[in-house]
Amino acid sequence: MNNNPQLNKNGELQHLLTTEGLPASILLNILDTAESFVGVTARDIKKVPLLRGKSIFNLFFEPSTRTRTTFEIAAKRLSADVVNLNIAASSQSKGETLLDTVNNLSAMHADMFVVRHSQSGAAHLIARHVRPEIHVINAGDGRHAHPTQALLDMFTIRRYKRNFRNLRVAIVGDILHSRVARSQIHALTTLGVPEVRIIAPKTLLPAKVERLGVHVYHDMAQGLKDVDVLLMLRLQNERMLGACLPSSEEYFKHYGLTQEKLALAKQDSIVLHPGPMNRGIEIDSAVADGKQSVILPQVTFGIAVRMAVMTILAGN
Amino acid sequence: MRILIKNGRVIDPQNGMDAINDVFIIAGKIVAIGAEPDCFQANHVINAKGLVVCPGLVDLSVRLREPGLEYKATLESEMRAAVAGGITSLACPPDTDPPLDEPGLVEMLKHRAKSLNQAHVYPIGALTQGLKGERLTEMAELYDAGCVAFSQSDKLLLDTRVMMRAMQYASTFGFSVWLRPEDVSLANSGVAHDGEVATRLGLPAIPVCAETIALSNIVLIARETGAKVHLCRVSSAEGVAMLRAARQQGLPITCDVAANYIHLTEMDINFFDSNCHLVPPLRGLSDRDALRAGLMDGTIDAVCSDHAPVDEDAKLLPFGESEAGATGLELLLSLILKWAEEMKIPLIVALSKITSGPAKILGVKAGHLSLGTAADLCIFDPDQYWKVEAKTLVSQGKNTPFLGMELQGRVKYTLADGIIVYED
């Protein structure tokens, strides 16, 4: 099996499935390209004709409003035709297999699929079976990867911190179930961040996570010390059911980001969150709306980063 | 019919034979090895120069998918695949649809298999009705119908009390109970080893303690009840260590491992290769090495193919949704030879794990070349390489992690009861 299913034979990005295994040059090219689109999204006329005539299918096998909307906006600003398919509610429930669905849509001459699925590896599977001219963007697969989210986080970090190579970054929360965390870790280590920390109770950490190149902390006071960037993760309510946590109150007490805990990090540290936020569970409103929060700029940059990814893929 | 197999390297692990010899067969039985019997006139001569002649292989776990799952494979296709792999005796687990929990089903399967005149089929009866883990099956009736042991296959027992009762009842009649050690609640919906790869790929994981806790239960209940227990498909280093300790205490517990596990690890999942979605999950490198060591020191008695043909569509799904299992009948011999070569193990020792070792567990007259026994033989070229390809596999299941790879050891002839049932 191809060891890097994301790259074409020229070593260019064919699909964006995960941030793992991509050279830093490709990640930086996406960030640089996104810089040029930030201006576009702030303009009065927010459209460029780069993908005119291209058909982009948003295949959402798992419900999502935010991510789907940002992909849709990104595609429309590039002048592409966008079709949104909420498949969780249609053919899958009639027994059609994932690949049948994809093949049917391929026959409608799609140029690009943006895929979200509840199973890890779904985007890889689709990428392996689509016609060679079709590009696949993973918009989140199970617990595995969410590369565009991680890239927009990297974009945001670079905007505020300039250089990855002198940063201390902490990812806080449910690492075990988080595709965002996995993609962030690979992106941060690839871009040369010298110290990536993860902070979580043991029930929310996967086995041998340190092999991904991170330092593991269970205590916020220690883990946040001298940190430049805090990447907060969303805590799903169902974690209380699986015996991972006793209550959201206890979680907030130990791992929720408050002003007091944030004060342990560097004074000029920034706080990111992939959204949607659970205020009072993983993050306090005072922090979310505070001066160190860059959560809203993240959303804006998200569109530019997705425009960049689509443009680069379409050009390869 | 009188068959002469000339000049082969005859390896019979049970009788300690490894020498260039002629094998003489009359009316389906081995009548002589070495010196020609008086007045022997062969109707058929097989020139086995450069080939190995060994007992027909014995495989402890082969899903034939009949009755009920014919879309995955049929008795015809899988029996042909068995002899193409040199296998002449095989045990089939009860996880058919319906499960093998009634004598009529077992008799029908035995009858259908016998009429195909290929490998000998030894059904494993269901331990509980419908494999539901609640009520015991009529084990004595099933035994009379042809079952050689009783198991839950991969429908693991939830209730420890049922496990204890089942072992007590089985041991009343001296029947063996075959169990795969895995704790249901710890395995939960996991699909991969709880290690680096599952962490990287975000796959729901199964910790090693899912195996060791269940194994510990089984060992303790076996000690309490005196039941004869066979452990199916141990996967972890800790599991092997616990088993070694139990055997040192003299408990009558035997054990097998599936061939994939002595070669592959979690790393082979690579980017979600659903052909590596196996049950139990492929574990780490140290686990694989412990399984190899366990085989060498005799803690593990046998290697099985754990043949599980899966239809193609069921593998064309995201890893976690894909059906677990691999086709294995035609790879068993080659994977044993690969292990023997990598670890510099004498062929006679390696072959014991797929002949005499499993035959003893099954309690059947097979897996050796003693004079007067049925001429079940596998004749193979140890030096010929072949490529594992969907189109060349006889089995209806094409799903194996080794797809596209070159393996050594090609079966040239398979004889069952002195009849050539396969010829390459």
# chains A, B, ... in the order shown; residues from 1 in each chain; ligands from 1
>>> interface_residues(of="chain B", to="chain A", cutoff="9 Å", atoms="only C-alpha atoms", output="MDAnalysis selection string")
chainID B and resid 194:196 198:205 207 270:273 313 316:321
>>> write_last_selection(atoms="N, CA and C atoms", output="mmCIF file, in the first residue's frame")
data_model
loop_
_atom_site.group_PDB
_atom_site.id
_atom_site.type_symbol
_atom_site.label_atom_id
_atom_site.label_comp_id
_atom_site.auth_asym_id
_atom_site.auth_seq_id
_atom_site.Cartn_x
_atom_site.Cartn_y
_atom_site.Cartn_z
ATOM 1 N N ASP B 194 -4.475 -1.577 21.676
ATOM 2 C CA ASP B 194 -4.379 -0.311 22.390
ATOM 3 C C ASP B 194 -2.916 0.116 22.440
ATOM 4 N N GLY B 195 -2.427 0.609 21.349
ATOM 5 C CA GLY B 195 -1.023 0.998 21.259
ATOM 6 C C GLY B 195 -0.852 2.174 20.331
ATOM 7 N N GLU B 196 0.384 2.283 19.875
ATOM 8 C CA GLU B 196 0.784 3.446 19.087
ATOM 9 C C GLU B 196 -0.079 3.659 17.836
ATOM 10 N N ALA B 198 -3.231 2.538 17.032
ATOM 11 C CA ALA B 198 -4.612 2.950 17.305
ATOM 12 C C ALA B 198 -4.637 4.411 17.756
ATOM 13 N N THR B 199 -3.630 4.804 18.502
ATOM 14 C CA THR B 199 -3.538 6.198 18.944
ATOM 15 C C THR B 199 -3.354 7.129 17.754
ATOM 16 N N ARG B 200 -2.455 6.755 16.856
ATOM 17 C CA ARG B 200 -2.169 7.590 15.682
ATOM 18 C C ARG B 200 -3.381 7.672 14.757
ATOM 19 N N LEU B 201 -4.039 6.522 14.541
ATOM 20 C CA LEU B 201 -5.144 6.483 13.585
ATOM 21 C C LEU B 201 -6.491 6.812 14.216
ATOM 22 N N GLY B 202 -6.506 6.961 15.524
ATOM 23 C CA GLY B 202 -7.774 7.261 16.175
ATOM 24 C C GLY B 202 -8.762 6.112 16.084
ATOM 25 N N LEU B 203 -8.259 4.887 16.235
ATOM 26 C CA LEU B 203 -9.149 3.724 16.190
ATOM 27 C C LEU B 203 -9.501 3.294 17.613
ATOM 28 N N PRO B 204 -10.769 2.927 17.847
ATOM 29 C CA PRO B 204 -11.138 2.408 19.169
ATOM 30 C C PRO B 204 -10.283 1.170 19.490
ATOM 31 N N ALA B 205 -9.772 1.118 20.712
ATOM 32 C CA ALA B 205 -8.711 0.151 20.997
ATOM 33 C C ALA B 205 -9.134 -0.927 21.989
ATOM 34 N N PRO B 207 -7.415 -3.130 24.962
ATOM 35 C CA PRO B 207 -6.189 -3.259 25.754
ATOM 36 C C PRO B 207 -5.793 -4.725 25.939
ATOM 37 N N ASN B 270 -0.960 0.141 8.830
ATOM 38 C CA ASN B 270 -0.524 1.228 7.952
ATOM 39 C C ASN B 270 -1.593 2.324 7.906
ATOM 40 N N PHE B 271 -2.104 2.655 6.744
ATOM 41 C CA PHE B 271 -3.209 3.621 6.672
ATOM 42 C C PHE B 271 -4.527 2.875 6.521
ATOM 43 N N PHE B 272 -4.990 2.291 7.598
ATOM 44 C CA PHE B 272 -6.332 1.702 7.639
ATOM 45 C C PHE B 272 -6.512 0.521 6.673
ATOM 46 N N ASP B 273 -5.533 -0.355 6.553
ATOM 47 C CA ASP B 273 -5.700 -1.531 5.695
ATOM 48 C C ASP B 273 -6.690 -2.494 6.357
ATOM 49 N N ASP B 313 -17.087 -6.702 -0.413
ATOM 50 C CA ASP B 313 -17.785 -5.492 0.023
ATOM 51 C C ASP B 313 -17.607 -5.233 1.516
ATOM 52 N N LEU B 316 -14.546 -3.322 2.035
ATOM 53 C CA LEU B 316 -14.479 -1.992 1.407
ATOM 54 C C LEU B 316 -15.267 -0.978 2.236
ATOM 55 N N LEU B 317 -14.912 -0.898 3.485
ATOM 56 C CA LEU B 317 -15.587 -0.004 4.421
ATOM 57 C C LEU B 317 -14.504 0.637 5.284
ATOM 58 N N PRO B 318 -14.849 1.724 5.959
ATOM 59 C CA PRO B 318 -13.872 2.270 6.902
ATOM 60 C C PRO B 318 -13.439 1.174 7.882
ATOM 61 N N PHE B 319 -12.176 1.221 8.302
ATOM 62 C CA PHE B 319 -11.569 0.142 9.081
ATOM 63 C C PHE B 319 -12.490 -0.393 10.182
ATOM 64 N N GLY B 320 -13.042 0.501 10.967
ATOM 65 C CA GLY B 320 -13.841 0.077 12.113
ATOM 66 C C GLY B 320 -15.145 -0.594 11.737
ATOM 67 N N GLU B 321 -15.652 -0.295 10.550
ATOM 68 C CA GLU B 321 -16.908 -0.892 10.095
ATOM 69 C C GLU B 321 -16.671 -2.127 9.244
#
>>> residues_around(residues="range 135-143 of chain B", least_positions_apart="4", cutoff="8 Å", atoms="only C-alpha atoms", output="VMD selection string")
chain B and resid 101 to 103 106 125 to 129 147 to 150 162 166 170 173
>>> write_last_selection(atoms="C-alpha atoms", output="PDB file, in the first residue's frame")
ATOM      1  CA  ASP B 101     -25.809 -26.222  18.224  1.00  0.00           C
ATOM      2  CA  GLU B 102     -27.972 -29.091  16.993  1.00  0.00           C
ATOM      3  CA  PRO B 103     -26.936 -32.618  16.029  1.00  0.00           C
ATOM      4  CA  VAL B 106     -23.551 -31.186  12.479  1.00  0.00           C
ATOM      5  CA  GLY B 125     -19.969 -27.743  18.527  1.00  0.00           C
ATOM      6  CA  ALA B 126     -21.506 -24.671  20.082  1.00  0.00           C
ATOM      7  CA  LEU B 127     -20.940 -24.539  23.827  1.00  0.00           C
ATOM      8  CA  THR B 128     -24.198 -22.677  24.421  1.00  0.00           C
ATOM      9  CA  GLN B 129     -27.456 -22.651  22.497  1.00  0.00           C
ATOM     10  CA  CYS B 147     -18.341 -32.751  17.252  1.00  0.00           C
ATOM     11  CA  VAL B 148     -14.837 -33.100  18.650  1.00  0.00           C
ATOM     12  CA  ALA B 149     -14.936 -30.153  21.076  1.00  0.00           C
ATOM     13  CA  PHE B 150     -17.120 -27.230  22.125  1.00  0.00           C
ATOM     14  CA  VAL B 162     -22.073 -20.018  32.560  1.00  0.00           C
ATOM     15  CA  ALA B 166     -20.072 -25.286  30.790  1.00  0.00           C
ATOM     16  CA  ALA B 170     -18.050 -30.748  29.459  1.00  0.00           C
ATOM     17  CA  PHE B 173     -17.940 -36.394  29.653  1.00  0.00           C
TER      18      PHE B 173
END
>>> select_by_dssp(residues="range 194-265 of chain A", states="helix (DSSP H, G or I)", output="list in words")
Lys202, Thr203, Leu204, Val209, Glu210, Arg211, Leu212, Met220, Ala221, Gln222, Gly223, Asn237, Glu238, Arg239, Met240, Ser248, Glu249, Glu250, Tyr251, Phe252, Lys253, His254, Tyr255, Gln259, Glu260, Lys261 and Leu262 of chain A
>>> write_last_selection(atoms="N, CA and C atoms", output="compact mmCIF listing (two decimals), in the first residue's frame")
# COMPACT_ATOMS: atom_id res chain seq x y z
N LYS A 202 -6.15 10.92 32.86
CA LYS A 202 -5.69 9.70 32.19
C LYS A 202 -6.79 9.03 31.36
N THR A 203 -8.05 9.23 31.75
CA THR A 203 -9.13 8.59 31.00
C THR A 203 -9.34 9.22 29.62
N LEU A 204 -8.75 10.36 29.38
CA LEU A 204 -8.95 11.04 28.10
C LEU A 204 -7.66 11.07 27.27
N VAL A 209 0.66 7.81 23.86
CA VAL A 209 0.51 9.05 23.11
C VAL A 209 1.83 9.81 23.02
N GLU A 210 2.72 9.56 23.99
CA GLU A 210 4.01 10.25 23.96
C GLU A 210 4.82 9.91 22.70
N ARG A 211 4.49 8.77 22.07
CA ARG A 211 5.18 8.41 20.83
C ARG A 211 4.89 9.37 19.68
N LEU A 212 3.83 10.15 19.85
CA LEU A 212 3.53 11.16 18.83
C LEU A 212 4.44 12.38 18.98
N MET A 220 -2.88 21.04 35.29
CA MET A 220 -2.86 22.29 34.53
C MET A 220 -1.76 23.23 35.03
N ALA A 221 -1.56 23.28 36.35
CA ALA A 221 -0.58 24.21 36.90
C ALA A 221 0.81 23.93 36.34
N GLN A 222 1.14 22.65 36.25
CA GLN A 222 2.45 22.31 35.69
C GLN A 222 2.47 22.46 34.18
N GLY A 223 1.39 21.96 33.56
CA GLY A 223 1.37 21.90 32.10
C GLY A 223 1.30 23.26 31.43
N ASN A 237 -20.39 15.91 25.75
CA ASN A 237 -21.16 15.53 26.94
C ASN A 237 -21.21 14.04 27.18
N GLU A 238 -21.15 13.24 26.09
CA GLU A 238 -21.28 11.79 26.28
C GLU A 238 -20.09 11.18 27.02
N ARG A 239 -19.04 11.95 27.26
CA ARG A 239 -17.90 11.41 28.01
C ARG A 239 -18.27 11.06 29.45
N MET A 240 -19.32 11.67 29.96
CA MET A 240 -19.75 11.33 31.32
C MET A 240 -20.35 9.92 31.33
N SER A 248 -19.14 17.36 34.60
CA SER A 248 -18.53 18.50 33.93
C SER A 248 -18.02 19.51 34.96
N GLU A 249 -18.63 19.53 36.13
CA GLU A 249 -18.18 20.45 37.17
C GLU A 249 -16.76 20.11 37.63
N GLU A 250 -16.56 18.79 37.88
CA GLU A 250 -15.23 18.40 38.33
C GLU A 250 -14.19 18.61 37.22
N TYR A 251 -14.63 18.36 35.98
CA TYR A 251 -13.72 18.60 34.86
C TYR A 251 -13.33 20.07 34.81
N PHE A 252 -14.32 20.93 34.91
CA PHE A 252 -14.05 22.36 34.83
C PHE A 252 -13.10 22.80 35.94
N LYS A 253 -13.32 22.22 37.12
CA LYS A 253 -12.49 22.61 38.25
C LYS A 253 -11.02 22.30 37.98
N HIS A 254 -10.75 21.16 37.35
CA HIS A 254 -9.35 20.76 37.17
C HIS A 254 -8.78 21.12 35.80
N TYR A 255 -9.62 21.11 34.77
CA TYR A 255 -9.09 21.29 33.42
C TYR A 255 -9.74 22.44 32.66
N GLN A 259 -9.25 32.41 34.12
CA GLN A 259 -8.22 33.46 34.13
C GLN A 259 -7.07 33.08 35.06
N GLU A 260 -7.41 32.46 36.19
CA GLU A 260 -6.36 32.08 37.15
C GLU A 260 -5.39 31.08 36.53
N LYS A 261 -5.94 30.09 35.85
CA LYS A 261 -5.05 29.08 35.24
C LYS A 261 -4.29 29.70 34.07
N LEU A 262 -4.97 30.57 33.31
CA LEU A 262 -4.30 31.19 32.17
C LEU A 262 -3.13 32.05 32.63
>>> atom_distance(atom1="CA of Lys412 in chain B", atom2="CA of Val53 in chain B")
10.0 Å
>>> residues_around(residues="Ile270 in chain A", least_positions_apart="5", cutoff="10 Å", atoms="only C-alpha atoms", output="list of chain:residue names")
A:Thr156, A:Ile157, A:Tyr160, A:Lys161, A:Val169, A:Val227, A:Asp228, A:Val229, A:Leu230, A:Leu231, A:Leu262, A:Ala265, A:Lys291, A:Gln292, A:Ser293, A:Val294, A:Ile295
>>> write_last_selection(atoms="N, CA and C atoms", output="PDB file, in the first residue's frame")
ATOM      1  N   THR A 156      -3.317  30.645  12.506  1.00  0.00           N
ATOM      2  CA  THR A 156      -3.591  31.603  13.577  1.00  0.00           C
ATOM      3  C   THR A 156      -2.356  31.771  14.470  1.00  0.00           C
ATOM      4  N   ILE A 157      -1.727  30.653  14.799  1.00  0.00           N
ATOM      5  CA  ILE A 157      -0.525  30.722  15.649  1.00  0.00           C
ATOM      6  C   ILE A 157       0.560  31.553  14.954  1.00  0.00           C
ATOM      7  N   TYR A 160       0.027  35.293  15.054  1.00  0.00           N
ATOM      8  CA  TYR A 160       0.259  35.980  16.324  1.00  0.00           C
ATOM      9  C   TYR A 160       1.663  35.759  16.875  1.00  0.00           C
ATOM     10  N   LYS A 161       2.256  34.631  16.502  1.00  0.00           N
ATOM     11  CA  LYS A 161       3.550  34.310  17.124  1.00  0.00           C
ATOM     12  C   LYS A 161       4.713  34.288  16.132  1.00  0.00           C
ATOM     13  N   VAL A 169       3.722  24.860  23.200  1.00  0.00           N
ATOM     14  CA  VAL A 169       2.287  24.785  22.919  1.00  0.00           C
ATOM     15  C   VAL A 169       1.656  23.708  23.792  1.00  0.00           C
ATOM     16  N   VAL A 227       3.784  28.551  28.880  1.00  0.00           N
ATOM     17  CA  VAL A 227       3.283  28.164  27.562  1.00  0.00           C
ATOM     18  C   VAL A 227       2.953  29.406  26.733  1.00  0.00           C
ATOM     19  N   ASP A 228       3.234  29.330  25.413  1.00  0.00           N
ATOM     20  CA  ASP A 228       2.951  30.446  24.502  1.00  0.00           C
ATOM     21  C   ASP A 228       1.573  30.337  23.863  1.00  0.00           C
ATOM     22  N   VAL A 229       1.146  29.089  23.629  1.00  0.00           N
ATOM     23  CA  VAL A 229      -0.107  28.880  22.908  1.00  0.00           C
ATOM     24  C   VAL A 229      -0.913  27.802  23.628  1.00  0.00           C
ATOM     25  N   LEU A 230      -2.206  28.078  23.864  1.00  0.00           N
ATOM     26  CA  LEU A 230      -3.087  27.077  24.472  1.00  0.00           C
ATOM     27  C   LEU A 230      -4.133  26.657  23.451  1.00  0.00           C
ATOM     28  N   LEU A 231      -4.149  25.391  23.139  1.00  0.00           N
ATOM     29  CA  LEU A 231      -5.159  24.866  22.220  1.00  0.00           C
ATOM     30  C   LEU A 231      -6.173  24.097  23.059  1.00  0.00           C
ATOM     31  N   LEU A 262      -4.967  30.567  33.314  1.00  0.00           N
ATOM     32  CA  LEU A 262      -4.300  31.191  32.172  1.00  0.00           C
ATOM     33  C   LEU A 262      -3.126  32.051  32.634  1.00  0.00           C
ATOM     34  N   ALA A 265       0.367  30.630  32.320  1.00  0.00           N
ATOM     35  CA  ALA A 265       1.060  30.622  31.033  1.00  0.00           C
ATOM     36  C   ALA A 265       1.768  31.956  30.840  1.00  0.00           C
ATOM     37  N   LYS A 291      -8.827  39.096  26.325  1.00  0.00           N
ATOM     38  CA  LYS A 291      -7.923  39.690  25.341  1.00  0.00           C
ATOM     39  C   LYS A 291      -6.912  38.695  24.778  1.00  0.00           C
ATOM     40  N   GLN A 292      -6.716  37.586  25.474  1.00  0.00           N
ATOM     41  CA  GLN A 292      -5.775  36.598  24.933  1.00  0.00           C
ATOM     42  C   GLN A 292      -6.455  35.608  23.979  1.00  0.00           C
ATOM     43  N   SER A 293      -7.776  35.691  23.894  1.00  0.00           N
ATOM     44  CA  SER A 293      -8.517  34.760  23.035  1.00  0.00           C
ATOM     45  C   SER A 293      -8.400  35.167  21.568  1.00  0.00           C
ATOM     46  N   VAL A 294      -8.088  34.209  20.708  1.00  0.00           N
ATOM     47  CA  VAL A 294      -8.060  34.470  19.253  1.00  0.00           C
ATOM     48  C   VAL A 294      -9.069  33.554  18.576  1.00  0.00           C
ATOM     49  N   ILE A 295     -10.120  33.219  19.297  1.00  0.00           N
ATOM     50  CA  ILE A 295     -11.081  32.227  18.823  1.00  0.00           C
ATOM     51  C   ILE A 295     -11.892  32.750  17.636  1.00  0.00           C
TER      52      ILE A 295
END
